[in-house]
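K.L.:
This is the structure, below, for whatever I ask next.
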Amino acid sequence: MSKITKICCIGAGYVGGPTMAVVAKQCPHIKVTIVDLNEARIAAWNDADVNNIPVYEPGLSEVVAEARGRNLFFSTDVDTAIAEAEMIFISVNTPTKTYGAGKGMGADLKWIELCARQIARVSKTDKIIVEKSTLPVRTAEAIRDILHNAGNGVNFEVLSNPEFLAEGTAVEDLMAPDRVLIGGDSTPTGQEAVAALVDVYANWIPRERILTTNVWSSELSKLVANAYLAQRISSINSISELCEKTEANINEVARAIGTDSRIGPKFLKASVGFGGSCFQKDILNLVYISRSFGLREVADYWEQVIIMNDHQKKRFALNMVKDLYNTVSGKKITFLGWAFKKDTNDTRESAAIYVADELLNEQAKIRVYDPKVGESQVLGDLDYLATRKPAENAAAVKVFEDPYRACENTHAIAVLTEWDEFKEYDWQRIYDGMLKPAKIYDGRNILDAEKLRKIGFKVTSIGVR
């Protein structure tokens, strides 16, 4: 197979956008076209001011500025891009099903199937199809089935190339990944397709970091990597509750176990719980697949990671209610942070949403400040839960563009995202403007509790009595 010169990516979201922008930057000889049916999203990627692109990631605007218009293009003309491309990345959303069999656990593959059918319909030449979305194991088989029965004599090879990006560091992760994983068939044409994708990445990634496996191992490795990371967070969070009942300090425990080289220090920070679009979805997928094969103990084992995470979010909210004299009705509580982690504007499955929902059930008034998340997104996240009418959410939640104004005349502050700027605030000024006793609930353990206590705050940290 000759060298790849034209790549198309279907899906201009948090995975497709950054991944393809970096491929275009590092491979100026390859024309990369990102397509999406969402016209507003494509318009934002094409905005003359690269600071207005729809995904916020440190360094991404610069990458887009360099490659856009040279060999990186954003378009809504899906058919043309598919027809031209030799390699097609599928990077569409695969949310957890909200209906039918597998509701709340299985992945909804509706968009993946629509992509496959569109590729089958439009293609007149051989193509390599690359699964980039996070998918349940054996999805490649479904894609292959649709493509091979399209009946227009075109040869399709399906590869699995899962992304291991961490939002907030996506550009770094793409420029210098720990590993790139490519799964393909062991047939001669399958191996040729794998080699073609290896060649693309080898433009900037050392070959020893590019791992090749069979398709199933590649698909499963993605789910397992996220399950292991989430499991570490739930494990440390479970111990944080024990610390709060004893004299132990979770930060000291985490440091003590993290210095063991077999355990290591990463993902041992106790918090209000993990969020993001992948951890929960991937574990639920693992649980669903295990159940579908009758592996009850395996399914129960991994489901416990989610149960613990939900418990941590709920516990955080209920502890606040208890500490605020068992009633928050009509009280103003300021949330610092809404994104699921710092350095991203992604709010999917953010702990803040669930803590807010719990407090709104108790009739609190929520005020929100996040440096990268605006009002429409905050209200949209709460409306999506459908716990109450949108008008009720809008009446009880106010979003600010200035953190100091958000904290004025408020009963309590809850830190829900670990944005660095929160540590730098003039906390004396915030204290002076708050109702007393001024309370802070640090859901990320990022603030200097002793310093805040000297000012006069009552501070509650996770896992510290």
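In the structure tokens, the first chain shown is A, the next is B, and so on; residue numbers restart at 1 for each chain, and ligands run from 1 in the order shown.
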Considering only C-alpha atoms, return as a list in words whatever protein or nucleic-acid residues lie within 7 Å of stretch 63-75 of chain A, sequence-local ones (same chain, fewer than 2 positions apart) excluded.

P.N.:
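Counting only C-alpha atoms, the residues come to Ala21, Val22, Ala24, Lys25, Pro28, Ile30, Lys31, Val32, Thr33, Ile34, Val35, Asp36, Ile42, Trp45, Asn46, Val50, Gly59, Leu60, Ser61 and Asp77 of chain A.
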
K.L.:
Next, write the just-selected residues to a file, as a PDB file, in the first residue's frame, keeping C-alpha atoms as the atom set.

P.N.:
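Contents of the output file again-v7.pdb:
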ATOM      1  CA  ALA A  21      -4.662  19.030  14.283  1.00  0.00           C
ATOM      2  CA  VAL A  22      -1.474  17.441  15.649  1.00  0.00           C
ATOM      3  CA  ALA A  24      -1.614  17.791  10.308  1.00  0.00           C
ATOM      4  CA  LYS A  25       1.069  19.804  12.108  1.00  0.00           C
ATOM      5  CA  PRO A  28       2.614  18.587   6.361  1.00  0.00           C
ATOM      6  CA  ILE A  30      -0.758  14.698   4.410  1.00  0.00           C
ATOM      7  CA  LYS A  31      -4.015  16.550   3.720  1.00  0.00           C
ATOM      8  CA  VAL A  32      -6.214  16.223   6.809  1.00  0.00           C
ATOM      9  CA  THR A  33      -9.919  17.074   6.607  1.00  0.00           C
ATOM     10  CA  ILE A  34     -12.117  17.034   9.706  1.00  0.00           C
ATOM     11  CA  VAL A  35     -15.830  16.777   8.982  1.00  0.00           C
ATOM     12  CA  ASP A  36     -18.875  17.137  11.207  1.00  0.00           C
ATOM     13  CA  ILE A  42     -17.214  23.564  12.136  1.00  0.00           C
ATOM     14  CA  TRP A  45     -13.044  25.574  14.176  1.00  0.00           C
ATOM     15  CA  ASN A  46     -12.783  27.863  11.125  1.00  0.00           C
ATOM     16  CA  VAL A  50      -8.035  30.749  16.638  1.00  0.00           C
ATOM     17  CA  GLY A  59      -1.372  24.884  23.070  1.00  0.00           C
ATOM     18  CA  LEU A  60      -4.137  23.740  20.708  1.00  0.00           C
ATOM     19  CA  SER A  61      -4.907  27.153  19.203  1.00  0.00           C
ATOM     20  CA  ASP A  77     -19.129  18.260   3.332  1.00  0.00           C
TER      21      ASP A  77
END

K.L.:
Mind dumping a table of every stretch 197-311 of chain A residue within 12 Å of stretch 165-172 of chain A, with the nearest atom pair and its distance in Å to one decimal, using only C-alpha atoms, sorted by chain and rising number, as a Markdown table?

P.N.:
| residue | atom | partner | partner_atom | distance |
| --- | --- | --- | --- | --- |
| A:Lys222 | CA | A:Leu165 | CA | 10.8 |
| A:Ala225 | CA | A:Leu165 | CA | 11.4 |
| A:Asn226 | CA | A:Ala166 | CA | 10.5 |
| A:Leu229 | CA | A:Ala166 | CA | 11.4 |
| A:Gly275 | CA | A:Glu167 | CA | 11.3 |
| A:Gly276 | CA | A:Glu167 | CA | 8.6 |
| A:Ser277 | CA | A:Glu167 | CA | 10.0 |
| A:Cys278 | CA | A:Ala166 | CA | 9.9 |
| A:Phe279 | CA | A:Ala166 | CA | 11.0 |

K.L.:
Residues of the last selection are to be written out with N, CA, C and O atoms, as a compact mmCIF listing (two decimals), in the first residue's frame.

P.N.:
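Saved result, selection_20.txt, follows:
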# COMPACT_ATOMS: atom_id res chain seq x y z
N LYS A 222 -8.08 -0.15 25.89
CA LYS A 222 -8.56 1.20 26.16
C LYS A 222 -9.49 1.22 27.37
O LYS A 222 -9.36 2.04 28.29
N ALA A 225 -7.49 0.39 30.62
CA ALA A 225 -6.62 1.48 31.09
C ALA A 225 -7.45 2.49 31.89
O ALA A 225 -7.06 2.89 33.00
N ASN A 226 -8.59 2.89 31.37
CA ASN A 226 -9.44 3.86 32.08
C ASN A 226 -10.03 3.26 33.35
O ASN A 226 -10.15 3.94 34.37
N LEU A 229 -7.35 3.37 36.06
CA LEU A 229 -7.13 4.73 36.58
C LEU A 229 -8.28 5.14 37.50
O LEU A 229 -8.06 5.68 38.59
N GLY A 275 -14.75 12.69 37.15
CA GLY A 275 -15.76 13.01 36.14
C GLY A 275 -15.15 12.73 34.77
O GLY A 275 -14.25 11.91 34.63
N GLY A 276 -15.65 13.44 33.76
CA GLY A 276 -15.12 13.25 32.42
C GLY A 276 -15.96 12.27 31.63
O GLY A 276 -16.73 11.49 32.19
N SER A 277 -15.78 12.30 30.31
CA SER A 277 -16.67 11.51 29.45
C SER A 277 -16.27 10.06 29.39
O SER A 277 -17.03 9.23 28.90
N CYS A 278 -15.06 9.71 29.86
CA CYS A 278 -14.57 8.35 29.59
C CYS A 278 -14.60 7.37 30.74
O CYS A 278 -14.98 6.23 30.56
N PHE A 279 -14.16 7.81 31.93
CA PHE A 279 -13.99 6.83 33.00
C PHE A 279 -15.28 6.06 33.28
O PHE A 279 -15.31 4.84 33.25

K.L.:
Quick one: DSSP strand (DSSP E) residues in stretch 72-192 of chain A, as number ranges by chain?

P.N.:
A: 72-75, 87-90, 127-131, 156-160, 180-183

K.L.:
What separation in Å, quoted to one decimal, exists between atom CA of A:His29 and atom CA of A:Thr76?

P.N.:
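The value is 22.6 Å.
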
K.L.:
Running DSSP on the backbone, which parts of stretch 128-215 of chain A land in helix (DSSP H, G or I), as a compact mmCIF listing (two decimals) with all heavy atoms, in the first residue's frame?

P.N.:
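result.txt written:
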# COMPACT_ATOMS: atom_id res chain seq x y z
N THR A 139 -16.65 -3.86 18.44
CA THR A 139 -17.32 -2.89 17.56
C THR A 139 -16.76 -2.99 16.14
O THR A 139 -17.47 -2.84 15.16
CB THR A 139 -17.13 -1.45 18.07
OG1 THR A 139 -17.60 -1.39 19.39
CG2 THR A 139 -17.89 -0.46 17.22
N ALA A 140 -15.45 -3.23 16.05
CA ALA A 140 -14.81 -3.33 14.73
C ALA A 140 -15.55 -4.35 13.88
O ALA A 140 -15.71 -4.19 12.67
CB ALA A 140 -13.34 -3.71 14.87
N GLU A 141 -16.00 -5.42 14.53
CA GLU A 141 -16.71 -6.48 13.81
C GLU A 141 -17.99 -5.93 13.19
O GLU A 141 -18.31 -6.23 12.04
CB GLU A 141 -17.06 -7.58 14.81
CG GLU A 141 -17.25 -8.93 14.17
CD GLU A 141 -17.13 -10.04 15.19
OE1 GLU A 141 -17.69 -9.92 16.30
OE2 GLU A 141 -16.48 -11.03 14.86
N ALA A 142 -18.72 -5.11 13.95
CA ALA A 142 -19.97 -4.53 13.44
C ALA A 142 -19.67 -3.60 12.26
O ALA A 142 -20.35 -3.63 11.23
CB ALA A 142 -20.67 -3.76 14.55
N ILE A 143 -18.63 -2.77 12.42
CA ILE A 143 -18.26 -1.85 11.34
C ILE A 143 -17.88 -2.64 10.08
O ILE A 143 -18.34 -2.35 8.97
CB ILE A 143 -17.07 -0.95 11.78
CG1 ILE A 143 -17.48 -0.05 12.95
CG2 ILE A 143 -16.55 -0.11 10.61
CD1 ILE A 143 -16.34 0.78 13.53
N ARG A 144 -17.07 -3.67 10.30
CA ARG A 144 -16.61 -4.49 9.17
C ARG A 144 -17.79 -5.14 8.46
O ARG A 144 -17.85 -5.19 7.23
CB ARG A 144 -15.65 -5.56 9.73
CG ARG A 144 -14.85 -6.27 8.66
CD ARG A 144 -13.93 -7.30 9.28
NE ARG A 144 -12.83 -6.67 9.99
CZ ARG A 144 -12.45 -7.01 11.20
NH1 ARG A 144 -13.10 -7.93 11.87
NH2 ARG A 144 -11.42 -6.43 11.77
N ASP A 145 -18.75 -5.62 9.23
CA ASP A 145 -19.93 -6.27 8.70
C ASP A 145 -20.70 -5.35 7.75
O ASP A 145 -21.08 -5.73 6.65
CB ASP A 145 -20.83 -6.67 9.87
CG ASP A 145 -21.56 -7.96 9.58
OD1 ASP A 145 -20.99 -8.80 8.87
OD2 ASP A 145 -22.70 -8.10 10.06
N ILE A 146 -20.92 -4.12 8.21
CA ILE A 146 -21.66 -3.14 7.42
C ILE A 146 -20.89 -2.80 6.14
O ILE A 146 -21.45 -2.78 5.04
CB ILE A 146 -21.93 -1.86 8.24
CG1 ILE A 146 -22.92 -2.17 9.38
CG2 ILE A 146 -22.47 -0.73 7.36
CD1 ILE A 146 -22.98 -1.11 10.46
N LEU A 147 -19.58 -2.56 6.28
CA LEU A 147 -18.77 -2.15 5.13
C LEU A 147 -18.67 -3.26 4.08
O LEU A 147 -18.80 -3.02 2.88
CB LEU A 147 -17.36 -1.76 5.59
CG LEU A 147 -17.27 -0.51 6.47
CD1 LEU A 147 -15.87 -0.35 7.02
CD2 LEU A 147 -17.68 0.75 5.70
N HIS A 148 -18.47 -4.50 4.56
CA HIS A 148 -18.25 -5.59 3.61
C HIS A 148 -19.52 -6.00 2.89
O HIS A 148 -19.47 -6.63 1.85
CB HIS A 148 -17.62 -6.79 4.33
CG HIS A 148 -16.18 -6.55 4.64
ND1 HIS A 148 -15.38 -7.44 5.31
CD2 HIS A 148 -15.37 -5.49 4.37
CE1 HIS A 148 -14.16 -6.95 5.44
NE2 HIS A 148 -14.14 -5.75 4.90
N ALA A 170 -3.90 17.38 26.40
CA ALA A 170 -4.08 16.60 25.17
C ALA A 170 -2.98 16.86 24.14
O ALA A 170 -2.49 15.93 23.49
CB ALA A 170 -5.45 16.90 24.56
N VAL A 171 -2.58 18.12 23.99
CA VAL A 171 -1.57 18.43 22.96
C VAL A 171 -0.24 17.78 23.32
O VAL A 171 0.40 17.13 22.48
CB VAL A 171 -1.43 19.96 22.76
CG1 VAL A 171 -0.29 20.28 21.80
CG2 VAL A 171 -2.74 20.55 22.23
N GLU A 172 0.17 17.90 24.59
CA GLU A 172 1.39 17.22 25.05
C GLU A 172 1.27 15.71 24.84
O GLU A 172 2.21 15.05 24.40
CB GLU A 172 1.56 17.42 26.56
CG GLU A 172 2.32 18.65 26.99
CD GLU A 172 2.19 18.82 28.51
OE1 GLU A 172 2.62 17.91 29.25
OE2 GLU A 172 1.64 19.86 28.94
N ASP A 173 0.10 15.15 25.21
CA ASP A 173 -0.09 13.70 25.10
C ASP A 173 0.01 13.24 23.64
O ASP A 173 0.47 12.13 23.37
CB ASP A 173 -1.48 13.29 25.63
CG ASP A 173 -1.65 13.58 27.12
OD1 ASP A 173 -0.63 13.81 27.79
OD2 ASP A 173 -2.79 13.57 27.60
N LEU A 174 -0.43 14.09 22.72
CA LEU A 174 -0.37 13.73 21.30
C LEU A 174 1.04 13.91 20.73
O LEU A 174 1.48 13.14 19.88
CB LEU A 174 -1.36 14.59 20.50
CG LEU A 174 -2.84 14.24 20.71
CD1 LEU A 174 -3.74 15.39 20.29
CD2 LEU A 174 -3.20 12.97 19.94
N MET A 175 1.74 14.93 21.21
CA MET A 175 3.10 15.19 20.72
C MET A 175 4.09 14.13 21.23
O MET A 175 4.99 13.72 20.52
CB MET A 175 3.58 16.57 21.18
CG MET A 175 2.81 17.72 20.56
SD MET A 175 3.17 17.88 18.80
CE MET A 175 2.79 19.60 18.57
N PRO A 188 -2.68 -10.53 5.49
CA PRO A 188 -1.70 -9.66 4.81
C PRO A 188 -2.23 -8.24 4.59
O PRO A 188 -1.53 -7.26 4.86
CB PRO A 188 -1.45 -10.36 3.46
CG PRO A 188 -1.76 -11.80 3.74
CD PRO A 188 -2.85 -11.81 4.77
N THR A 189 -3.50 -8.10 4.17
CA THR A 189 -4.04 -6.75 3.93
C THR A 189 -4.25 -6.02 5.26
O THR A 189 -4.07 -4.81 5.35
CB THR A 189 -5.38 -6.78 3.15
OG1 THR A 189 -6.25 -7.73 3.79
CG2 THR A 189 -5.17 -7.18 1.70
N GLY A 190 -4.61 -6.78 6.30
CA GLY A 190 -4.75 -6.18 7.63
C GLY A 190 -3.43 -5.64 8.12
O GLY A 190 -3.36 -4.51 8.65
N GLN A 191 -2.37 -6.40 7.93
CA GLN A 191 -1.04 -5.97 8.38
C GLN A 191 -0.52 -4.79 7.55
O GLN A 191 0.18 -3.92 8.06
CB GLN A 191 -0.04 -7.14 8.34
CG GLN A 191 -0.30 -8.18 9.43
CD GLN A 191 -0.31 -7.56 10.84
OE1 GLN A 191 0.70 -7.02 11.29
NE2 GLN A 191 -1.45 -7.62 11.52
N GLU A 192 -0.88 -4.76 6.28
CA GLU A 192 -0.51 -3.61 5.41
C GLU A 192 -1.18 -2.34 5.94
O GLU A 192 -0.57 -1.27 5.98
CB GLU A 192 -1.03 -3.85 3.98
CG GLU A 192 0.02 -4.32 3.01
CD GLU A 192 -0.58 -4.51 1.63
OE1 GLU A 192 -1.25 -3.59 1.12
OE2 GLU A 192 -0.39 -5.60 1.06
N ALA A 193 -2.44 -2.48 6.33
CA ALA A 193 -3.18 -1.32 6.85
C ALA A 193 -2.54 -0.84 8.16
O ALA A 193 -2.37 0.37 8.37
CB ALA A 193 -4.65 -1.69 7.09
N VAL A 194 -2.18 -1.77 9.03
CA VAL A 194 -1.51 -1.41 10.29
C VAL A 194 -0.22 -0.65 9.98
O VAL A 194 0.06 0.41 10.56
CB VAL A 194 -1.20 -2.68 11.13
CG1 VAL A 194 -0.25 -2.35 12.28
CG2 VAL A 194 -2.48 -3.29 11.67
N ALA A 195 0.56 -1.18 9.02
CA ALA A 195 1.84 -0.54 8.66
C ALA A 195 1.62 0.88 8.14
O ALA A 195 2.41 1.79 8.43
CB ALA A 195 2.56 -1.38 7.61
N ALA A 196 0.53 1.09 7.39
CA ALA A 196 0.25 2.42 6.84
C ALA A 196 -0.02 3.42 7.96
O ALA A 196 0.43 4.57 7.93
CB ALA A 196 -0.96 2.36 5.90
N LEU A 197 -0.74 2.98 9.02
CA LEU A 197 -1.03 3.88 10.14
C LEU A 197 0.22 4.07 11.00
O LEU A 197 0.48 5.18 11.49
CB LEU A 197 -2.20 3.33 10.97
CG LEU A 197 -2.68 4.21 12.13
CD1 LEU A 197 -2.98 5.64 11.68
CD2 LEU A 197 -3.92 3.61 12.79
N VAL A 198 1.01 3.01 11.16
CA VAL A 198 2.29 3.14 11.90
C VAL A 198 3.15 4.20 11.22
O VAL A 198 3.74 5.06 11.88
CB VAL A 198 3.04 1.78 11.95
CG1 VAL A 198 4.48 1.99 12.43
CG2 VAL A 198 2.32 0.79 12.86
N ASP A 199 3.20 4.19 9.88
CA ASP A 199 4.00 5.16 9.13
C ASP A 199 3.57 6.60 9.39
O ASP A 199 4.39 7.50 9.45
CB ASP A 199 3.92 4.89 7.61
CG ASP A 199 4.83 3.74 7.19
OD1 ASP A 199 5.69 3.36 8.02
OD2 ASP A 199 4.66 3.23 6.08
N VAL A 200 2.26 6.81 9.53
CA VAL A 200 1.77 8.16 9.81
C VAL A 200 2.32 8.64 11.16
O VAL A 200 2.91 9.71 11.27
CB VAL A 200 0.21 8.21 9.82
CG1 VAL A 200 -0.28 9.57 10.32
CG2 VAL A 200 -0.34 7.93 8.42
N TYR A 201 2.13 7.82 12.20
CA TYR A 201 2.58 8.21 13.54
C TYR A 201 4.11 8.31 13.63
O TYR A 201 4.64 9.10 14.39
CB TYR A 201 2.06 7.22 14.59
CG TYR A 201 0.61 7.42 14.94
CD1 TYR A 201 -0.34 6.44 14.67
CD2 TYR A 201 0.17 8.60 15.55
CE1 TYR A 201 -1.69 6.61 15.00
CE2 TYR A 201 -1.17 8.78 15.89
CZ TYR A 201 -2.08 7.79 15.61
OH TYR A 201 -3.41 7.98 15.94
N ARG A 207 9.38 4.56 16.93
CA ARG A 207 8.66 3.32 16.60
C ARG A 207 8.49 2.39 17.79
O ARG A 207 7.51 1.65 17.86
CB ARG A 207 9.37 2.59 15.45
CG ARG A 207 9.01 3.22 14.11
CD ARG A 207 9.49 2.43 12.93
NE ARG A 207 9.15 3.18 11.71
CZ ARG A 207 8.19 2.84 10.87
NH1 ARG A 207 7.42 1.81 11.13
NH2 ARG A 207 7.96 3.55 9.80
N GLU A 208 9.43 2.44 18.74
CA GLU A 208 9.29 1.51 19.88
C GLU A 208 8.10 1.88 20.77
O GLU A 208 7.68 1.11 21.62
CB GLU A 208 10.58 1.43 20.70
CG GLU A 208 11.02 2.71 21.38
CD GLU A 208 11.90 3.60 20.48
OE1 GLU A 208 11.95 3.34 19.25
OE2 GLU A 208 12.51 4.53 21.02
N ARG A 209 7.56 3.08 20.56
CA ARG A 209 6.38 3.48 21.35
C ARG A 209 5.07 3.16 20.63
O ARG A 209 3.99 3.46 21.13
CB ARG A 209 6.41 4.97 21.64
CG ARG A 209 7.47 5.32 22.65
CD ARG A 209 7.16 6.62 23.32
NE ARG A 209 8.20 6.94 24.27
CZ ARG A 209 8.26 8.07 24.95
NH1 ARG A 209 7.33 8.98 24.77
NH2 ARG A 209 9.23 8.29 25.79
N VAL A 215 -7.16 -6.66 16.93
CA VAL A 215 -8.19 -5.63 17.11
C VAL A 215 -8.83 -5.71 18.49
O VAL A 215 -9.03 -4.71 19.17
CB VAL A 215 -9.29 -5.75 16.02
CG1 VAL A 215 -10.41 -4.75 16.28
CG2 VAL A 215 -8.69 -5.48 14.65

K.L.:
Between atom CA of A:Ala396 and atom CA of A:Lys331, measure the distance and give it in Å to one decimal.

P.N.:
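Calculated distance between atom CA of A:Ala396 and atom CA of A:Lys331 is 10.4 Å.
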
K.L.:
Skipping near chain neighbours, those fewer than 2 positions away, what residues fall within 7 Å of stretch 259-268 of chain A using only C-alpha atoms, listed as an mmCIF file with all heavy atoms, in the first residue's frame?

P.N.:
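Listing of result35.cif after writing:
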data_model
loop_
_atom_site.group_PDB
_atom_site.id
_atom_site.type_symbol
_atom_site.label_atom_id
_atom_site.label_comp_id
_atom_site.auth_asym_id
_atom_site.auth_seq_id
_atom_site.Cartn_x
_atom_site.Cartn_y
_atom_site.Cartn_z
ATOM 1 N N LEU A 229 -7.351 3.366 36.062
ATOM 2 C CA LEU A 229 -7.128 4.726 36.585
ATOM 3 C C LEU A 229 -8.276 5.143 37.500
ATOM 4 O O LEU A 229 -8.058 5.682 38.588
ATOM 5 C CB LEU A 229 -6.990 5.715 35.420
ATOM 6 C CG LEU A 229 -5.735 5.531 34.553
ATOM 7 C CD1 LEU A 229 -5.809 6.429 33.318
ATOM 8 C CD2 LEU A 229 -4.472 5.828 35.342
ATOM 9 N N ARG A 232 -8.160 3.513 40.906
ATOM 10 C CA ARG A 232 -7.230 4.127 41.862
ATOM 11 C C ARG A 232 -7.892 5.312 42.572
ATOM 12 O O ARG A 232 -7.733 5.500 43.773
ATOM 13 C CB ARG A 232 -5.956 4.601 41.141
ATOM 14 C CG ARG A 232 -5.008 3.478 40.831
ATOM 15 C CD ARG A 232 -3.805 3.968 40.045
ATOM 16 N NE ARG A 232 -2.917 4.834 40.810
ATOM 17 C CZ ARG A 232 -1.763 4.441 41.368
ATOM 18 N NH1 ARG A 232 -1.382 3.185 41.274
ATOM 19 N NH2 ARG A 232 -0.998 5.290 42.019
ATOM 20 N N ILE A 233 -8.659 6.097 41.812
ATOM 21 C CA ILE A 233 -9.328 7.257 42.418
ATOM 22 C C ILE A 233 -10.379 6.789 43.429
ATOM 23 O O ILE A 233 -10.444 7.298 44.548
ATOM 24 C CB ILE A 233 -9.976 8.146 41.327
ATOM 25 C CG1 ILE A 233 -8.897 8.713 40.396
ATOM 26 C CG2 ILE A 233 -10.767 9.290 41.960
ATOM 27 C CD1 ILE A 233 -9.430 9.430 39.172
ATOM 28 N N ILE A 236 -8.641 5.484 46.676
ATOM 29 C CA ILE A 236 -8.146 6.509 47.620
ATOM 30 C C ILE A 236 -9.336 7.269 48.234
ATOM 31 O O ILE A 236 -9.309 7.642 49.405
ATOM 32 C CB ILE A 236 -7.119 7.466 46.957
ATOM 33 C CG1 ILE A 236 -6.246 8.149 48.020
ATOM 34 C CG2 ILE A 236 -7.757 8.490 46.062
ATOM 35 C CD1 ILE A 236 -5.234 7.268 48.678
ATOM 36 N N ALA A 254 -1.671 9.016 51.357
ATOM 37 C CA ALA A 254 -1.400 8.943 49.910
ATOM 38 C C ALA A 254 0.097 9.075 49.639
ATOM 39 O O ALA A 254 0.659 8.364 48.795
ATOM 40 C CB ALA A 254 -2.166 10.033 49.177
ATOM 41 N N ARG A 255 0.746 9.984 50.374
ATOM 42 C CA ARG A 255 2.192 10.174 50.166
ATOM 43 C C ARG A 255 2.952 8.918 50.596
ATOM 44 O O ARG A 255 3.866 8.459 49.917
ATOM 45 C CB ARG A 255 2.678 11.399 50.944
ATOM 46 C CG ARG A 255 4.055 11.864 50.483
ATOM 47 C CD ARG A 255 4.403 13.247 50.987
ATOM 48 N NE ARG A 255 4.713 13.248 52.415
ATOM 49 C CZ ARG A 255 4.097 13.996 53.313
ATOM 50 N NH1 ARG A 255 3.138 14.814 52.951
ATOM 51 N NH2 ARG A 255 4.425 13.938 54.585
ATOM 52 N N ALA A 256 2.536 8.346 51.702
ATOM 53 C CA ALA A 256 3.219 7.157 52.222
ATOM 54 C C ALA A 256 3.110 5.973 51.268
ATOM 55 O O ALA A 256 4.091 5.273 51.015
ATOM 56 C CB ALA A 256 2.644 6.789 53.589
ATOM 57 N N ILE A 257 1.912 5.744 50.724
ATOM 58 C CA ILE A 257 1.782 4.585 49.823
ATOM 59 C C ILE A 257 2.325 4.899 48.427
ATOM 60 O O ILE A 257 2.806 4.018 47.719
ATOM 61 C CB ILE A 257 0.327 4.051 49.749
ATOM 62 C CG1 ILE A 257 -0.617 5.062 49.096
ATOM 63 C CG2 ILE A 257 -0.170 3.618 51.103
ATOM 64 C CD1 ILE A 257 -1.986 4.480 48.756
ATOM 65 N N ALA A 270 -7.114 12.376 46.782
ATOM 66 C CA ALA A 270 -8.513 12.271 47.203
ATOM 67 C C ALA A 270 -9.278 13.498 46.718
ATOM 68 O O ALA A 270 -8.735 14.598 46.662
ATOM 69 C CB ALA A 270 -8.590 12.180 48.721
#

K.L.:
Got a sec: who's within 10 Å of stretch 113-120 of chain A, counting only C-alpha atoms, leaving out chain neighbours fewer than 4 positions off, as a ChimeraX atom specification?

P.N.:
/A:10-11,78-79,82-83,88,90-92,108-109,124,127,129,139,142-152,154,156

K.L.:
Considering only C-alpha atoms, return as a ChimeraX atom specification whatever protein or nucleic-acid residues lie within 7 Å of A:Thr213, sequence-local ones (same chain, fewer than 2 positions apart) excluded.

P.N.:
/A:182-184,211,215,217-218

K.L.:
Restricting the output to N, CA and C atoms, write the selected residues as a PDB file, in the first residue's frame.

P.N.:
ATOM      1  N   ILE A 182      -2.234   0.276  18.109  1.00  0.00           N
ATOM      2  CA  ILE A 182      -2.927   0.023  16.840  1.00  0.00           C
ATOM      3  C   ILE A 182      -3.270  -1.459  16.764  1.00  0.00           C
ATOM      4  N   GLY A 183      -4.554  -1.746  16.627  1.00  0.00           N
ATOM      5  CA  GLY A 183      -4.994  -3.139  16.494  1.00  0.00           C
ATOM      6  C   GLY A 183      -5.503  -3.392  15.099  1.00  0.00           C
ATOM      7  N   GLY A 184      -5.066  -4.516  14.519  1.00  0.00           N
ATOM      8  CA  GLY A 184      -5.525  -4.851  13.167  1.00  0.00           C
ATOM      9  C   GLY A 184      -5.584  -6.349  12.958  1.00  0.00           C
ATOM     10  N   LEU A 211       2.686   0.409  19.573  1.00  0.00           N
ATOM     11  CA  LEU A 211       2.408  -1.006  19.834  1.00  0.00           C
ATOM     12  C   LEU A 211       1.340  -1.510  18.878  1.00  0.00           C
ATOM     13  N   VAL A 215      -7.155  -6.660  16.932  1.00  0.00           N
ATOM     14  CA  VAL A 215      -8.190  -5.627  17.109  1.00  0.00           C
ATOM     15  C   VAL A 215      -8.829  -5.709  18.491  1.00  0.00           C
ATOM     16  N   SER A 217      -7.703  -6.962  21.384  1.00  0.00           N
ATOM     17  CA  SER A 217      -6.817  -6.527  22.476  1.00  0.00           C
ATOM     18  C   SER A 217      -6.743  -5.011  22.530  1.00  0.00           C
ATOM     19  N   SER A 218      -6.678  -4.392  21.365  1.00  0.00           N
ATOM     20  CA  SER A 218      -6.585  -2.928  21.305  1.00  0.00           C
ATOM     21  C   SER A 218      -7.845  -2.289  21.883  1.00  0.00           C
TER      22      SER A 218
END

K.L.:
Find, counting only C-alpha atoms, the residue in A:Thr410, A:Met105, A:Pro58, A:Arg444 that gets nearest to A:Val287.

P.N.:
A:Met105

K.L.:
Grab the atom CA of A:Met20 to atom CA of A:Thr212 distance for me, in Å with one decimal place.

P.N.:
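Value for the atom CA of A:Met20-atom CA of A:Thr212 distance: 20.3 Å.
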
K.L.:
Near A:Lys372, within 8 Å and counting only C-alpha atoms, which residues show up once chain neighbours fewer than 3 positions away are dropped, as a list in words?

P.N.:
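Surrounding residues, per the criterion: Ala339, Thr344 and Asn345 of chain A.
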
K.L.:
Just to be explicit: take each residue in the selection above, keep C-alpha atoms, and write the result as a PDB file, in the first residue's frame.

P.N.:
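Writing done, so here's part31.pdb:
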ATOM      1  CA  ALA A 339     -15.353  21.697  34.525  1.00  0.00           C
ATOM      2  CA  THR A 344     -10.387  22.053  30.035  1.00  0.00           C
ATOM      3  CA  ASN A 345     -13.835  23.444  29.283  1.00  0.00           C
TER       4      ASN A 345
END

K.L.:
Quick one: everything within 6 Å of stretch 363-371 of chain A, counting only C-alpha atoms, minus sequence neighbours fewer than 5 positions away in the same chain. Send it as a list of chain:residue names.

P.N.:
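Once the adjacent positions are removed, what remains is A:Val328, A:Ser329, A:Gly330, A:Lys331, A:Lys332, A:Ile333, A:Thr334, A:Phe335, A:Leu336, A:Gly337, A:Trp338, A:Ala396, A:Val397, A:Lys398, A:Val399, A:Phe400, A:Pro403.
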